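See below for start_0.cif, which holds mmCIF, C-alpha atoms.
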```
data_data
loop_
_atom_site.group_PDB
_atom_site.id
_atom_site.type_symbol
_atom_site.label_atom_id
_atom_site.label_comp_id
_atom_site.auth_asym_id
_atom_site.auth_seq_id
_atom_site.Cartn_x
_atom_site.Cartn_y
_atom_site.Cartn_z
ATOM 1 C CA MET T 21 10.961 -26.066 -29.319
ATOM 2 C CA TYR T 22 9.555 -23.418 -31.660
ATOM 3 C CA LEU T 23 7.075 -25.844 -33.253
ATOM 4 C CA ALA T 24 5.999 -27.018 -29.804
ATOM 5 C CA LEU T 25 5.052 -23.420 -28.971
ATOM 6 C CA VAL T 26 3.012 -23.214 -32.166
ATOM 7 C CA LEU T 27 1.162 -26.422 -31.264
ATOM 8 C CA PHE T 28 0.683 -25.226 -27.693
ATOM 9 C CA SER T 29 -0.889 -22.010 -28.988
ATOM 10 C CA LEU T 30 -3.234 -24.052 -31.155
ATOM 11 C CA LEU T 31 -4.184 -26.253 -28.203
ATOM 12 C CA LYS T 32 -4.996 -23.150 -26.167
ATOM 13 C CA GLU T 33 -7.912 -22.803 -28.588
ATOM 14 C CA THR T 34 -6.358 -20.096 -30.713
ATOM 15 C CA ASP T 35 -7.297 -20.237 -34.383
ATOM 16 C CA VAL T 36 -4.845 -21.034 -37.169
ATOM 17 C CA TRP T 37 -4.978 -17.517 -38.592
ATOM 18 C CA SER T 38 -3.906 -15.710 -35.433
ATOM 19 C CA VAL T 39 -1.215 -18.329 -34.684
ATOM 20 C CA SER T 40 0.222 -17.950 -38.180
ATOM 21 C CA GLU T 41 0.335 -14.167 -37.769
ATOM 22 C CA ARG T 42 1.793 -14.375 -34.261
ATOM 23 C CA PHE T 43 4.660 -16.682 -35.268
ATOM 24 C CA GLN T 44 5.006 -15.194 -38.776
ATOM 25 C CA LEU T 45 4.364 -18.527 -40.497
ATOM 26 C CA SER T 46 2.135 -19.256 -43.454
ATOM 27 C CA ARG T 47 -1.291 -20.696 -42.662
ATOM 28 C CA GLY T 48 -0.486 -23.676 -44.855
ATOM 29 C CA PHE T 49 2.593 -24.485 -42.774
ATOM 30 C CA VAL T 50 0.626 -24.223 -39.522
ATOM 31 C CA GLN T 51 -2.162 -26.419 -40.903
ATOM 32 C CA THR T 52 0.388 -28.967 -42.152
ATOM 33 C CA LEU T 53 2.048 -28.992 -38.739
ATOM 34 C CA LEU T 54 -1.344 -29.462 -37.097
ATOM 35 C CA GLY T 55 -2.235 -32.328 -39.437
ATOM 36 C CA SER T 56 1.115 -34.042 -38.892
ATOM 37 C CA ALA T 57 0.829 -33.728 -35.116
ATOM 38 C CA SER T 58 -2.716 -35.091 -35.225
ATOM 39 C CA ALA T 59 -1.669 -38.073 -37.379
ATOM 40 C CA PHE T 60 1.286 -38.853 -35.110
ATOM 41 C CA CYS T 61 -0.903 -38.619 -32.006
ATOM 42 C CA SER T 62 -3.366 -41.009 -33.622
ATOM 43 C CA CYS T 63 -0.561 -43.495 -34.356
ATOM 44 C CA VAL T 64 0.676 -43.324 -30.763
ATOM 45 C CA LEU T 65 -2.920 -43.818 -29.571
ATOM 46 C CA HIS T 66 -3.247 -47.013 -31.637
ATOM 47 C CA PHE T 67 0.093 -48.193 -30.277
ATOM 48 C CA ALA T 68 -1.048 -47.519 -26.695
ATOM 49 C CA GLU T 69 -4.280 -49.427 -27.316
ATOM 50 C CA GLU T 70 -2.317 -52.524 -28.336
ATOM 51 C CA LEU T 71 -0.088 -52.648 -25.249
ATOM 52 C CA GLU T 72 -1.704 -53.166 -21.876
ATOM 53 C CA GLU T 73 1.100 -51.281 -20.069
ATOM 54 C CA PHE T 74 0.057 -47.983 -21.675
ATOM 55 C CA TRP T 75 -3.550 -48.017 -20.460
ATOM 56 C CA PRO T 76 -3.246 -44.611 -18.695
ATOM 57 C CA PHE T 77 -2.410 -42.881 -21.965
ATOM 58 C CA ARG T 78 -5.492 -44.027 -23.891
ATOM 59 C CA ALA T 79 -7.932 -41.397 -22.628
ATOM 60 C CA LEU T 80 -5.326 -38.634 -22.749
ATOM 61 C CA LEU T 81 -4.292 -39.427 -26.321
ATOM 62 C CA ALA T 82 -7.880 -39.874 -27.502
ATOM 63 C CA GLU T 83 -8.800 -36.392 -26.292
ATOM 64 C CA LEU T 84 -5.571 -34.867 -27.625
ATOM 65 C CA THR T 85 -6.143 -36.438 -31.050
ATOM 66 C CA ARG T 86 -9.654 -35.000 -31.210
ATOM 67 C CA ARG T 87 -8.468 -31.539 -30.149
ATOM 68 C CA LEU T 88 -5.676 -31.565 -32.728
ATOM 69 C CA SER T 89 -7.941 -32.888 -35.476
ATOM 70 C CA TYR T 90 -10.631 -30.239 -35.121
ATOM 71 C CA CYS T 91 -8.696 -27.289 -33.631
ATOM 72 C CA VAL T 92 -11.789 -25.735 -32.028
ATOM 73 C CA LYS T 93 -12.876 -24.944 -28.489
ATOM 74 C CA ALA T 94 -13.429 -28.017 -26.331
ATOM 75 C CA GLU T 95 -17.188 -27.548 -26.105
ATOM 76 C CA LEU T 96 -17.489 -27.544 -29.923
ATOM 77 C CA ILE T 97 -15.810 -30.936 -30.454
ATOM 78 C CA PRO T 98 -19.079 -32.950 -30.254
ATOM 79 C CA LEU T 99 -20.599 -30.624 -32.852
ATOM 80 C CA MET T 100 -17.623 -31.115 -35.179
ATOM 81 C CA GLU T 101 -18.202 -34.862 -35.107
ATOM 82 C CA VAL T 102 -21.647 -34.445 -36.717
ATOM 83 C CA ALA T 103 -21.464 -35.492 -40.372
ATOM 84 C CA GLY T 104 -20.974 -32.562 -42.747
ATOM 85 C CA VAL T 105 -20.095 -29.869 -40.200
ATOM 86 C CA LEU T 106 -16.348 -29.962 -40.849
ATOM 87 C CA GLU T 107 -16.854 -29.642 -44.607
ATOM 88 C CA VAL T 108 -19.103 -26.607 -44.184
ATOM 89 C CA ARG T 109 -16.562 -25.020 -41.835
ATOM 90 C CA HIS T 110 -13.789 -25.393 -44.417
ATOM 91 C CA LEU T 111 -16.046 -23.946 -47.119
ATOM 92 C CA LEU T 112 -16.942 -20.926 -44.979
ATOM 93 C CA HIS T 113 -13.281 -20.236 -44.223
ATOM 94 C CA LEU T 114 -12.475 -20.501 -47.905
ATOM 95 C CA LEU T 115 -15.239 -18.070 -48.840
ATOM 96 C CA SER T 116 -14.270 -15.578 -46.137
ATOM 97 C CA SER T 117 -10.550 -15.558 -46.985
ATOM 98 C CA SER T 118 -9.241 -12.490 -48.735
ATOM 99 C CA SER T 119 -7.531 -14.506 -51.471
ATOM 100 C CA PHE T 120 -10.798 -16.031 -52.657
ATOM 101 C CA SER T 121 -13.623 -14.045 -54.154
ATOM 102 C CA PHE T 122 -16.918 -15.343 -55.412
ATOM 103 C CA SER T 123 -19.456 -13.446 -57.391
ATOM 104 C CA PRO T 124 -22.502 -15.256 -58.695
ATOM 105 C CA PRO T 125 -23.372 -14.983 -62.383
ATOM 106 C CA ALA T 126 -25.814 -12.280 -63.406
ATOM 107 C CA SER T 127 -28.533 -14.842 -64.074
ATOM 108 C CA PHE T 128 -28.238 -16.266 -60.537
ATOM 109 C CA SER T 129 -31.128 -15.437 -58.209
ATOM 110 C CA TYR T 130 -31.153 -15.990 -54.473
ATOM 111 C CA CYS T 131 -34.010 -17.897 -52.905
ATOM 112 C CA VAL T 132 -34.880 -18.593 -49.309
ATOM 113 C CA LEU T 133 -35.573 -22.185 -48.328
ATOM 114 C CA VAL T 134 -38.176 -22.536 -45.605
#
```
Could you render the structure from this file as structure tokens?
Amino acid sequence: MYLALVLFSLLKETDVWSVSERFQLSRGFVQTLLGSASAFCSCVLHFAEELEEFWPFRALLAELTRRLSYCVKAELIPLMEVAGVLEVRHLLHLLSSSSFSFSPPASFSYCVLV
């Protein structure tokens, strides 16, 4: 029941960081739970696609799998499916986390690409 509440909070378009603070869980645990739920939902979706009796669940499970996979607001899901966007998002979260610090070498110079 407790893990279902965590997943429900994530589906309500709350980010992983605030959910982990709210339920006093590590972000890694919440992300692992999210990944496991997404993988299981994908397996059930493939099962439903194979059996004709489960046709009503196909659209529901397809949308749920996408929402669990990306964990963003519903209107951002099409953007997340563009190649490279998810990788950049993970990199930005890594750079903005307090446990990771990056300082360029002294010889590094910034340039603007136009």
Subject >> Shell around Phe60 in chain T at 12 Å using all atoms listed in the file, local window under 3 positions removed, as a list in words >> reply: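 The neighbour list is Leu53, Leu54, Gly55, Ser56, Ala57, Cys63, Val64, Leu65, His66, Phe67, Leu81, Ala82, Leu84, Thr85, Leu88 and Ser89 of chain T.
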Just-selected residues, C-alpha atoms written as a PDB file, keeping the file's coordinate frame:
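Final output, out35.pdb:
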```pdb
ATOM      1  CA  LEU T  53       2.048 -28.992 -38.739  1.00  0.00           C
ATOM      2  CA  LEU T  54      -1.344 -29.462 -37.097  1.00  0.00           C
ATOM      3  CA  GLY T  55      -2.235 -32.328 -39.437  1.00  0.00           C
ATOM      4  CA  SER T  56       1.115 -34.042 -38.892  1.00  0.00           C
ATOM      5  CA  ALA T  57       0.829 -33.728 -35.116  1.00  0.00           C
ATOM      6  CA  CYS T  63      -0.561 -43.495 -34.356  1.00  0.00           C
ATOM      7  CA  VAL T  64       0.676 -43.324 -30.763  1.00  0.00           C
ATOM      8  CA  LEU T  65      -2.920 -43.818 -29.571  1.00  0.00           C
ATOM      9  CA  HIS T  66      -3.247 -47.013 -31.637  1.00  0.00           C
ATOM     10  CA  PHE T  67       0.093 -48.193 -30.277  1.00  0.00           C
ATOM     11  CA  LEU T  81      -4.292 -39.427 -26.321  1.00  0.00           C
ATOM     12  CA  ALA T  82      -7.880 -39.874 -27.502  1.00  0.00           C
ATOM     13  CA  LEU T  84      -5.571 -34.867 -27.625  1.00  0.00           C
ATOM     14  CA  THR T  85      -6.143 -36.438 -31.050  1.00  0.00           C
ATOM     15  CA  LEU T  88      -5.676 -31.565 -32.728  1.00  0.00           C
ATOM     16  CA  SER T  89      -7.941 -32.888 -35.476  1.00  0.00           C
TER      17      SER T  89
END
```
Original post:
By how many Å are CA of Trp37 in chain T and CA of Gln51 in chain T apart?
Top reply: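 Atom-to-atom, CA of Trp37 in chain T and CA of Gln51 in chain T are spaced 9.6 Å apart.
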Subject >> Separation of CA of Trp75 in chain T from CA of Leu31 in chain T, in Å and rounded to one decimal >> reply: 23.1 Å
Original post:
Which residue gives the smallest distance to Arg87 in chain T among T:Cys61, T:Leu23, T:Glu72, T:Arg47, with only C-alpha atoms counted?
Top reply: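 Of T:Cys61, T:Leu23, T:Glu72, T:Arg47, the one nearest Arg87 in chain T is T:Cys61, counting only C-alpha atoms.
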**OP:** Just the residues within 12 Å of Val36 in chain T, please, counting only C-alpha atoms, with nothing from its chain fewer than 5 positions along; format it as JSON, numbers by chain.
**Re:** {"T": [26, 27, 28, 29, 30, 31, 41, 42, 43, 44, 45, 46, 47, 48, 49, 50, 51, 52, 53, 54, 55, 88, 90, 91, 92, 113]}
What does the file look like for those residues with C-alpha atoms, as a short mmCIF file (atom, residue, chain, number, x, y, z; two decimals), in the coordinates of the input?
```
data_model
loop_
_atom_site.label_atom_id
_atom_site.label_comp_id
_atom_site.auth_asym_id
_atom_site.auth_seq_id
_atom_site.Cartn_x
_atom_site.Cartn_y
_atom_site.Cartn_z
CA VAL T 26 3.01 -23.21 -32.17
CA LEU T 27 1.16 -26.42 -31.26
CA PHE T 28 0.68 -25.23 -27.69
CA SER T 29 -0.89 -22.01 -28.99
CA LEU T 30 -3.23 -24.05 -31.16
CA LEU T 31 -4.18 -26.25 -28.20
CA GLU T 41 0.34 -14.17 -37.77
CA ARG T 42 1.79 -14.38 -34.26
CA PHE T 43 4.66 -16.68 -35.27
CA GLN T 44 5.01 -15.19 -38.78
CA LEU T 45 4.36 -18.53 -40.50
CA SER T 46 2.13 -19.26 -43.45
CA ARG T 47 -1.29 -20.70 -42.66
CA GLY T 48 -0.49 -23.68 -44.86
CA PHE T 49 2.59 -24.48 -42.77
CA VAL T 50 0.63 -24.22 -39.52
CA GLN T 51 -2.16 -26.42 -40.90
CA THR T 52 0.39 -28.97 -42.15
CA LEU T 53 2.05 -28.99 -38.74
CA LEU T 54 -1.34 -29.46 -37.10
CA GLY T 55 -2.24 -32.33 -39.44
CA LEU T 88 -5.68 -31.56 -32.73
CA TYR T 90 -10.63 -30.24 -35.12
CA CYS T 91 -8.70 -27.29 -33.63
CA VAL T 92 -11.79 -25.74 -32.03
CA HIS T 113 -13.28 -20.24 -44.22
#
```
Original post:
CA of Ala24 in chain T and CA of Glu83 in chain T, how far apart in Å?
Top reply: 17.9 Å
Please report, as lines of an AutoDock Vina configuration file, the centre and edge lengths in Å to one decimal of an axis-aligned box covering all listed atoms of range 32-46 of chain T with 4 Å per side.
```
center_x = -1.5
center_y = -18.7
center_z = -34.8
size_x = 20.9
size_y = 17.0
size_z = 25.3
```
